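Structure below is run28.pdb: PDB, C-alpha atoms, pLDDT in the B column.
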ATOM      1  CA  GLN C   1      15.175   8.654  11.380  1.00 83.00           C
ATOM      2  CA  VAL C   2      12.189   6.715  12.652  1.00 89.00           C
ATOM      3  CA  GLN C   3      12.255   3.020  13.444  1.00 93.00           C
ATOM      4  CA  VAL C   4       9.287   0.921  14.452  1.00 95.00           C
ATOM      5  CA  ALA C   5       9.241  -2.494  16.076  1.00 95.00           C
ATOM      6  CA  GLU C   6       6.263  -4.761  16.590  1.00 96.00           C
ATOM      7  CA  SER C   7       5.708  -7.360  19.291  1.00 95.00           C
ATOM      8  CA  GLY C   8       2.945  -9.611  20.530  1.00 96.00           C
ATOM      9  CA  GLY C   9       2.198 -11.954  17.653  1.00 95.00           C
ATOM     10  CA  GLY C  10       1.759 -15.673  18.026  1.00 97.00           C
ATOM     11  CA  LEU C  11      -0.581 -18.619  17.736  1.00 98.00           C
ATOM     12  CA  VAL C  12      -4.111 -18.320  19.069  1.00 98.00           C
ATOM     13  CA  GLN C  13      -7.256 -20.406  18.766  1.00 98.00           C
ATOM     14  CA  PRO C  14     -10.333 -19.103  16.949  1.00 98.00           C
ATOM     15  CA  GLY C  15     -12.337 -16.891  19.261  1.00 98.00           C
ATOM     16  CA  GLY C  16      -9.267 -15.938  21.246  1.00 98.00           C
ATOM     17  CA  SER C  17      -7.520 -12.620  21.784  1.00 98.00           C
ATOM     18  CA  LEU C  18      -4.105 -11.117  21.207  1.00 98.00           C
ATOM     19  CA  ARG C  19      -2.615  -7.703  21.833  1.00 98.00           C
ATOM     20  CA  LEU C  20       0.003  -6.297  19.506  1.00 98.00           C
ATOM     21  CA  SER C  21       2.340  -3.463  20.423  1.00 98.00           C
ATOM     22  CA  CYS C  22       4.471  -1.214  18.274  1.00 97.00           C
ATOM     23  CA  ALA C  23       7.086   1.118  19.670  1.00 96.00           C
ATOM     24  CA  ALA C  24       8.532   3.894  17.534  1.00 94.00           C
ATOM     25  CA  SER C  25      11.901   5.513  18.017  1.00 92.00           C
ATOM     26  CA  GLY C  26      12.742   8.995  16.804  1.00 88.00           C
ATOM     27  CA  SER C  27      10.425  11.960  17.089  1.00 85.00           C
ATOM     28  CA  ILE C  28       6.798  11.012  16.637  1.00 84.00           C
ATOM     29  CA  PHE C  29       4.144  13.635  17.141  1.00 83.00           C
ATOM     30  CA  SER C  30       0.522  13.201  18.071  1.00 79.00           C
ATOM     31  CA  ASP C  31      -0.630  14.379  14.635  1.00 83.00           C
ATOM     32  CA  ASN C  32       1.448  11.700  12.912  1.00 90.00           C
ATOM     33  CA  THR C  33      -0.610   8.677  11.928  1.00 94.00           C
ATOM     34  CA  MET C  34       0.246   5.335  13.500  1.00 96.00           C
ATOM     35  CA  GLY C  35      -1.450   2.116  12.530  1.00 97.00           C
ATOM     36  CA  TRP C  36      -1.495  -1.493  11.559  1.00 98.00           C
ATOM     37  CA  TYR C  37      -1.660  -3.289   8.234  1.00 98.00           C
ATOM     38  CA  ARG C  38      -1.666  -7.004   7.578  1.00 98.00           C
ATOM     39  CA  GLN C  39      -0.806  -9.326   4.752  1.00 98.00           C
ATOM     40  CA  ALA C  40      -2.244 -12.814   4.462  1.00 95.00           C
ATOM     41  CA  PRO C  41      -0.560 -15.462   2.312  1.00 89.00           C
ATOM     42  CA  GLY C  42      -1.237 -14.777  -1.359  1.00 92.00           C
ATOM     43  CA  LYS C  43      -3.023 -11.509  -0.651  1.00 95.00           C
ATOM     44  CA  GLU C  44      -2.187  -7.831  -0.779  1.00 96.00           C
ATOM     45  CA  ARG C  45      -1.373  -5.831   2.303  1.00 97.00           C
ATOM     46  CA  GLU C  46      -4.514  -4.245   3.764  1.00 97.00           C
ATOM     47  CA  LEU C  47      -5.361  -1.663   6.389  1.00 98.00           C
ATOM     48  CA  VAL C  48      -6.341  -3.054   9.771  1.00 98.00           C
ATOM     49  CA  ALA C  49      -6.565   0.149  11.798  1.00 98.00           C
ATOM     50  CA  ARG C  50      -4.937   3.560  12.111  1.00 97.00           C
ATOM     51  CA  ILE C  51      -5.096   6.375  14.580  1.00 96.00           C
ATOM     52  CA  ARG C  52      -4.191  10.038  14.681  1.00 92.00           C
ATOM     53  CA  SER C  53      -4.801  12.396  17.551  1.00 84.00           C
ATOM     54  CA  GLY C  54      -7.883  14.513  17.098  1.00 85.00           C
ATOM     55  CA  ARG C  55      -9.572  12.099  14.712  1.00 91.00           C
ATOM     56  CA  ASP C  56     -11.639   8.970  15.081  1.00 93.00           C
ATOM     57  CA  PRO C  57      -9.687   5.778  14.360  1.00 96.00           C
ATOM     58  CA  ASP C  58     -10.148   4.059  11.009  1.00 96.00           C
ATOM     59  CA  TYR C  59     -10.755   0.323  10.820  1.00 98.00           C
ATOM     60  CA  GLY C  60     -10.832  -2.167   8.003  1.00 97.00           C
ATOM     61  CA  ASP C  61     -14.316  -3.521   7.390  1.00 96.00           C
ATOM     62  CA  SER C  62     -13.360  -7.067   8.312  1.00 96.00           C
ATOM     63  CA  VAL C  63     -12.137  -6.135  11.815  1.00 98.00           C
ATOM     64  CA  MET C  64     -14.732  -3.520  12.765  1.00 97.00           C
ATOM     65  CA  GLY C  65     -16.200  -4.288  16.182  1.00 97.00           C
ATOM     66  CA  ARG C  66     -13.566  -6.898  17.029  1.00 98.00           C
ATOM     67  CA  PHE C  67     -10.285  -4.960  17.021  1.00 98.00           C
ATOM     68  CA  THR C  68      -9.440  -1.802  18.930  1.00 98.00           C
ATOM     69  CA  ILE C  69      -6.496   0.485  18.242  1.00 98.00           C
ATOM     70  CA  SER C  70      -5.061   2.758  20.900  1.00 96.00           C
ATOM     71  CA  ARG C  71      -2.029   4.928  21.317  1.00 95.00           C
ATOM     72  CA  ASP C  72       0.222   6.204  24.076  1.00 94.00           C
ATOM     73  CA  ASN C  73       1.879   9.344  22.740  1.00 91.00           C
ATOM     74  CA  ALA C  74       4.256   9.656  25.675  1.00 92.00           C
ATOM     75  CA  LYS C  75       5.619   6.183  24.925  1.00 94.00           C
ATOM     76  CA  GLN C  76       5.324   6.591  21.145  1.00 94.00           C
ATOM     77  CA  THR C  77       3.548   3.264  21.132  1.00 95.00           C
ATOM     78  CA  VAL C  78       0.463   2.031  19.331  1.00 96.00           C
ATOM     79  CA  TYR C  79      -1.502  -1.026  20.386  1.00 98.00           C
ATOM     80  CA  LEU C  80      -3.917  -3.325  18.633  1.00 98.00           C
ATOM     81  CA  GLN C  81      -6.282  -5.329  20.809  1.00 98.00           C
ATOM     82  CA  MET C  82      -7.671  -8.181  18.749  1.00 98.00           C
ATOM     83  CA  ASN C  83     -10.701 -10.072  20.055  1.00 98.00           C
ATOM     84  CA  SER C  84     -12.899 -12.794  18.580  1.00 98.00           C
ATOM     85  CA  LEU C  85     -10.090 -13.803  16.269  1.00 98.00           C
ATOM     86  CA  LYS C  86     -10.917 -15.797  13.162  1.00 98.00           C
ATOM     87  CA  PRO C  87      -8.727 -17.990  10.958  1.00 97.00           C
ATOM     88  CA  GLU C  88      -8.977 -15.343   8.246  1.00 96.00           C
ATOM     89  CA  ASP C  89      -7.185 -12.913  10.565  1.00 98.00           C
ATOM     90  CA  THR C  90      -4.033 -14.961  10.049  1.00 97.00           C
ATOM     91  CA  GLY C  91      -1.195 -13.013   8.517  1.00 98.00           C
ATOM     92  CA  VAL C  92       1.819 -10.839   9.106  1.00 98.00           C
ATOM     93  CA  TYR C  93       0.876  -7.645  10.915  1.00 98.00           C
ATOM     94  CA  TYR C  94       2.946  -4.577  10.129  1.00 98.00           C
ATOM     95  CA  CYS C  95       3.196  -1.402  12.126  1.00 97.00           C
ATOM     96  CA  HIS C  96       3.090   1.776  10.072  1.00 97.00           C
ATOM     97  CA  VAL C  97       3.963   5.356  10.902  1.00 96.00           C
ATOM     98  CA  ARG C  98       3.396   8.284   8.584  1.00 94.00           C
ATOM     99  CA  ARG C  99       5.470  11.227   9.712  1.00 91.00           C
ATOM    100  CA  TYR C 100       4.885  14.320   7.611  1.00 88.00           C
ATOM    101  CA  GLY C 101       4.561  12.482   4.318  1.00 90.00           C
ATOM    102  CA  THR C 102       7.198   9.812   4.934  1.00 93.00           C
ATOM    103  CA  ASP C 103       6.169   6.215   5.609  1.00 95.00           C
ATOM    104  CA  TYR C 104       7.956   3.942   8.047  1.00 95.00           C
ATOM    105  CA  TRP C 105       7.277   0.223   8.402  1.00 97.00           C
ATOM    106  CA  GLY C 106       8.168  -2.408  10.939  1.00 96.00           C
ATOM    107  CA  LYS C 107       9.405  -5.847   9.961  1.00 97.00           C
ATOM    108  CA  GLY C 108       6.100  -7.435  10.919  1.00 97.00           C
ATOM    109  CA  THR C 109       4.855  -9.934  13.472  1.00 97.00           C
ATOM    110  CA  LEU C 110       3.091 -13.163  12.560  1.00 98.00           C
ATOM    111  CA  VAL C 111      -0.393 -13.845  13.875  1.00 98.00           C
ATOM    112  CA  THR C 112      -1.750 -17.340  13.337  1.00 98.00           C
ATOM    113  CA  VAL C 113      -5.343 -18.171  14.230  1.00 98.00           C
ATOM    114  CA  SER C 114      -5.824 -21.904  14.190  1.00 97.00           C
ATOM    115  CA  SER C 115      -7.168 -24.736  16.275  1.00 95.00           C
TER     116      SER C 115
END

Turn the structure described in the file into structure tokens.
Amino acid sequence: QVQVAESGGGLVQPGGSLRLSCAASGSIFSDNTMGWYRQAPGKERELVARIRSGRDPDYGDSVMGRFTISRDNAKQTVYLQMNSLKPEDTGVYYCHVRRYGTDYWGKGTLVTVSS
């Protein structure tokens, strides 16, 4: 069984930065996809970024050039560095792991971008 747990959310001013972390327990392999999704109030959950060893990361259009995803396979941890944050980046950020066709989700961490 795989469990994932996010950390690092909080309140930040527009233009600021935050770094999210997600640690996975259980056996995660480098060819399993790890990533981040977010859900803003009243909106559907959307892809922020995902990463899989041997492939270029994927980013949502709205975060391209501002967010960077990285991964430490030894620690089974994925990170999301968020720069130049905007109010529209506000939402609950969920960690996602796809392990051989099975999806695992964290409980989410709230990111609020506001002055």

| field | the PyMOL selection byres ((chain C and resi 89) around 8) applied to the shown file, residues as a ChimeraX atom specification | value | /C:40,85-88,90-91,111-113

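The interatomic distance for the pair atom CA of C:Leu20 and atom CA of C:Met82 works out to 7.9 Å.
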
Might you spell out which residues the PyMOL selection byres ((chain C and resi 22) around 7) would select in the displayed file, as a PDB file with C-alpha atoms, in the frame of the given file?
ATOM      1  CA  VAL C   4       9.287   0.921  14.452  1.00 95.00           C
ATOM      2  CA  ALA C   5       9.241  -2.494  16.076  1.00 95.00           C
ATOM      3  CA  GLU C   6       6.263  -4.761  16.590  1.00 96.00           C
ATOM      4  CA  SER C   7       5.708  -7.360  19.291  1.00 95.00           C
ATOM      5  CA  LEU C  20       0.003  -6.297  19.506  1.00 98.00           C
ATOM      6  CA  SER C  21       2.340  -3.463  20.423  1.00 98.00           C
ATOM      7  CA  ALA C  23       7.086   1.118  19.670  1.00 96.00           C
ATOM      8  CA  ALA C  24       8.532   3.894  17.534  1.00 94.00           C
ATOM      9  CA  THR C  77       3.548   3.264  21.132  1.00 95.00           C
ATOM     10  CA  VAL C  78       0.463   2.031  19.331  1.00 96.00           C
ATOM     11  CA  TYR C  79      -1.502  -1.026  20.386  1.00 98.00           C
ATOM     12  CA  CYS C  95       3.196  -1.402  12.126  1.00 97.00           C
TER      13      CYS C  95
END

| field | the PyMOL selection byres ((chain C and resi 47-56) around 6) resolved against shown file, as a PyMOL selection string | value | chain C and resi 30-31+33-37+46+57-60

| task | Name all residues at most 10 Å from C:Ala74 (count all atoms listed in the file; drop same-chain ones fewer than 2 positions away) and give them as a count of residues only. | result | 7

| Can you tell me, as a PyMOL selection string, what residues are no more than 8 Å from C:Asn83 when counting all atoms listed in the file, ignoring any on the same chain fewer than 4 positions away? | chain C and resi 15-18+66-67

With C-alpha atoms retained, could you export that selection as a compact mmCIF listing (two decimals), in the coordinates of the input?
# COMPACT_ATOMS: atom_id res chain seq x y z
CA GLY C 15 -12.34 -16.89 19.26
CA GLY C 16 -9.27 -15.94 21.25
CA SER C 17 -7.52 -12.62 21.78
CA LEU C 18 -4.11 -11.12 21.21
CA ARG C 66 -13.57 -6.90 17.03
CA PHE C 67 -10.28 -4.96 17.02

Can you write stretch 13-114 of chain C from the block above with C-alpha atoms, as a PDB file, in the first residue's frame?
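Output file result-v6.pdb is given in full below:
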ATOM      1  CA  GLN C  13       1.990  37.380  -0.996  1.00  0.00           C
ATOM      2  CA  PRO C  14       1.700  37.769  -4.768  1.00  0.00           C
ATOM      3  CA  GLY C  15       5.119  37.485  -6.346  1.00  0.00           C
ATOM      4  CA  GLY C  16       6.392  35.301  -3.538  1.00  0.00           C
ATOM      5  CA  SER C  17       7.614  31.717  -3.464  1.00  0.00           C
ATOM      6  CA  LEU C  18       6.721  28.479  -1.741  1.00  0.00           C
ATOM      7  CA  ARG C  19       8.127  24.975  -1.873  1.00  0.00           C
ATOM      8  CA  LEU C  20       5.862  21.983  -1.479  1.00  0.00           C
ATOM      9  CA  SER C  21       7.081  18.518  -0.561  1.00  0.00           C
ATOM     10  CA  CYS C  22       5.417  15.147  -0.855  1.00  0.00           C
ATOM     11  CA  ALA C  23       6.800  12.009   0.715  1.00  0.00           C
ATOM     12  CA  ALA C  24       5.531   8.600  -0.348  1.00  0.00           C
ATOM     13  CA  SER C  25       5.634   5.466   1.742  1.00  0.00           C
ATOM     14  CA  GLY C  26       5.611   1.976   0.283  1.00  0.00           C
ATOM     15  CA  SER C  27       7.592   0.931  -2.754  1.00  0.00           C
ATOM     16  CA  ILE C  28       7.835   3.674  -5.338  1.00  0.00           C
ATOM     17  CA  PHE C  29       9.977   3.131  -8.386  1.00  0.00           C
ATOM     18  CA  SER C  30      11.636   5.679 -10.607  1.00  0.00           C
ATOM     19  CA  ASP C  31       9.335   4.820 -13.521  1.00  0.00           C
ATOM     20  CA  ASN C  32       6.247   5.536 -11.419  1.00  0.00           C
ATOM     21  CA  THR C  33       4.822   8.985 -12.062  1.00  0.00           C
ATOM     22  CA  MET C  34       4.751  11.461  -9.192  1.00  0.00           C
ATOM     23  CA  GLY C  35       3.167  14.866  -9.457  1.00  0.00           C
ATOM     24  CA  TRP C  36       0.986  17.655  -8.259  1.00  0.00           C
ATOM     25  CA  TYR C  37      -2.585  18.664  -8.997  1.00  0.00           C
ATOM     26  CA  ARG C  38      -4.536  21.567  -7.585  1.00  0.00           C
ATOM     27  CA  GLN C  39      -8.137  22.504  -7.069  1.00  0.00           C
ATOM     28  CA  ALA C  40      -9.288  26.092  -6.718  1.00  0.00           C
ATOM     29  CA  PRO C  41     -12.636  26.936  -5.121  1.00  0.00           C
ATOM     30  CA  GLY C  42     -15.458  26.170  -7.541  1.00  0.00           C
ATOM     31  CA  LYS C  43     -13.134  24.648 -10.120  1.00  0.00           C
ATOM     32  CA  GLU C  44     -12.121  21.179 -11.207  1.00  0.00           C
ATOM     33  CA  ARG C  45      -8.868  19.600 -10.162  1.00  0.00           C
ATOM     34  CA  GLU C  46      -6.125  20.326 -12.704  1.00  0.00           C
ATOM     35  CA  LEU C  47      -2.609  19.140 -13.415  1.00  0.00           C
ATOM     36  CA  VAL C  48       0.150  21.366 -12.087  1.00  0.00           C
ATOM     37  CA  ALA C  49       3.193  19.228 -12.854  1.00  0.00           C
ATOM     38  CA  ARG C  50       4.283  15.600 -13.012  1.00  0.00           C
ATOM     39  CA  ILE C  51       7.558  13.810 -13.361  1.00  0.00           C
ATOM     40  CA  ARG C  52       8.751  10.352 -14.288  1.00  0.00           C
ATOM     41  CA  SER C  53      12.337   9.253 -14.607  1.00  0.00           C
ATOM     42  CA  GLY C  54      13.560   9.206 -18.168  1.00  0.00           C
ATOM     43  CA  ARG C  55      11.013  11.728 -19.405  1.00  0.00           C
ATOM     44  CA  ASP C  56      10.753  15.486 -19.425  1.00  0.00           C
ATOM     45  CA  PRO C  57       8.401  16.851 -16.756  1.00  0.00           C
ATOM     46  CA  ASP C  58       4.917  17.960 -17.770  1.00  0.00           C
ATOM     47  CA  TYR C  59       3.537  21.296 -16.616  1.00  0.00           C
ATOM     48  CA  GLY C  60       0.138  22.899 -16.749  1.00  0.00           C
ATOM     49  CA  ASP C  61       0.049  25.863 -19.105  1.00  0.00           C
ATOM     50  CA  SER C  62      -0.701  28.342 -16.343  1.00  0.00           C
ATOM     51  CA  VAL C  63       2.418  27.463 -14.310  1.00  0.00           C
ATOM     52  CA  MET C  64       4.937  26.967 -17.118  1.00  0.00           C
ATOM     53  CA  GLY C  65       8.091  28.970 -16.440  1.00  0.00           C
ATOM     54  CA  ARG C  66       7.159  29.732 -12.832  1.00  0.00           C
ATOM     55  CA  PHE C  67       6.968  26.309 -11.167  1.00  0.00           C
ATOM     56  CA  THR C  68       9.596  23.584 -11.132  1.00  0.00           C
ATOM     57  CA  ILE C  69       9.022  19.961 -10.183  1.00  0.00           C
ATOM     58  CA  SER C  70      11.827  17.741  -8.961  1.00  0.00           C
ATOM     59  CA  ARG C  71      12.167  14.339  -7.415  1.00  0.00           C
ATOM     60  CA  ASP C  72      14.471  12.482  -5.058  1.00  0.00           C
ATOM     61  CA  ASN C  73      13.989   8.789  -5.779  1.00  0.00           C
ATOM     62  CA  ALA C  74      16.059   7.669  -2.810  1.00  0.00           C
ATOM     63  CA  LYS C  75      13.738   9.588  -0.483  1.00  0.00           C
ATOM     64  CA  GLN C  76      10.612   8.813  -2.525  1.00  0.00           C
ATOM     65  CA  THR C  77       9.861  12.506  -2.392  1.00  0.00           C
ATOM     66  CA  VAL C  78       8.652  14.955  -5.003  1.00  0.00           C
ATOM     67  CA  TYR C  79       9.000  18.710  -4.682  1.00  0.00           C
ATOM     68  CA  LEU C  80       7.257  21.650  -6.265  1.00  0.00           C
ATOM     69  CA  GLN C  81       9.098  24.960  -6.254  1.00  0.00           C
ATOM     70  CA  MET C  82       6.598  27.718  -6.916  1.00  0.00           C
ATOM     71  CA  ASN C  83       7.891  31.171  -7.848  1.00  0.00           C
ATOM     72  CA  SER C  84       6.179  34.377  -8.949  1.00  0.00           C
ATOM     73  CA  LEU C  85       2.984  33.233  -7.295  1.00  0.00           C
ATOM     74  CA  LYS C  86      -0.284  34.812  -8.364  1.00  0.00           C
ATOM     75  CA  PRO C  87      -3.650  34.993  -6.604  1.00  0.00           C
ATOM     76  CA  GLU C  88      -5.014  32.553  -9.176  1.00  0.00           C
ATOM     77  CA  ASP C  89      -2.549  29.949  -7.894  1.00  0.00           C
ATOM     78  CA  THR C  90      -4.627  29.743  -4.727  1.00  0.00           C
ATOM     79  CA  GLY C  91      -6.047  26.316  -4.066  1.00  0.00           C
ATOM     80  CA  VAL C  92      -5.548  22.950  -2.462  1.00  0.00           C
ATOM     81  CA  TYR C  93      -2.505  21.191  -3.878  1.00  0.00           C
ATOM     82  CA  TYR C  94      -2.639  17.412  -4.008  1.00  0.00           C
ATOM     83  CA  CYS C  95       0.237  15.025  -4.406  1.00  0.00           C
ATOM     84  CA  HIS C  96      -0.386  12.180  -6.825  1.00  0.00           C
ATOM     85  CA  VAL C  97       1.433   8.924  -7.425  1.00  0.00           C
ATOM     86  CA  ARG C  98       0.609   6.500 -10.203  1.00  0.00           C
ATOM     87  CA  ARG C  99       2.128   3.130  -9.448  1.00  0.00           C
ATOM     88  CA  TYR C 100       1.563   0.617 -12.222  1.00  0.00           C
ATOM     89  CA  GLY C 101      -1.951   1.755 -13.050  1.00  0.00           C
ATOM     90  CA  THR C 102      -3.111   2.526  -9.512  1.00  0.00           C
ATOM     91  CA  ASP C 103      -3.557   6.127  -8.377  1.00  0.00           C
ATOM     92  CA  TYR C 104      -2.719   7.352  -4.899  1.00  0.00           C
ATOM     93  CA  TRP C 105      -3.589  10.801  -3.573  1.00  0.00           C
ATOM     94  CA  GLY C 106      -2.551  12.839  -0.586  1.00  0.00           C
ATOM     95  CA  LYS C 107      -5.027  14.765   1.529  1.00  0.00           C
ATOM     96  CA  GLY C 108      -3.856  18.071   0.095  1.00  0.00           C
ATOM     97  CA  THR C 109      -2.169  21.209   1.366  1.00  0.00           C
ATOM     98  CA  LEU C 110      -3.687  24.671   1.077  1.00  0.00           C
ATOM     99  CA  VAL C 111      -1.816  27.403  -0.757  1.00  0.00           C
ATOM    100  CA  THR C 112      -3.211  30.911  -0.447  1.00  0.00           C
ATOM    101  CA  VAL C 113      -1.739  33.757  -2.480  1.00  0.00           C
ATOM    102  CA  SER C 114      -3.020  37.043  -1.164  1.00  0.00           C
TER     103      SER C 114
END
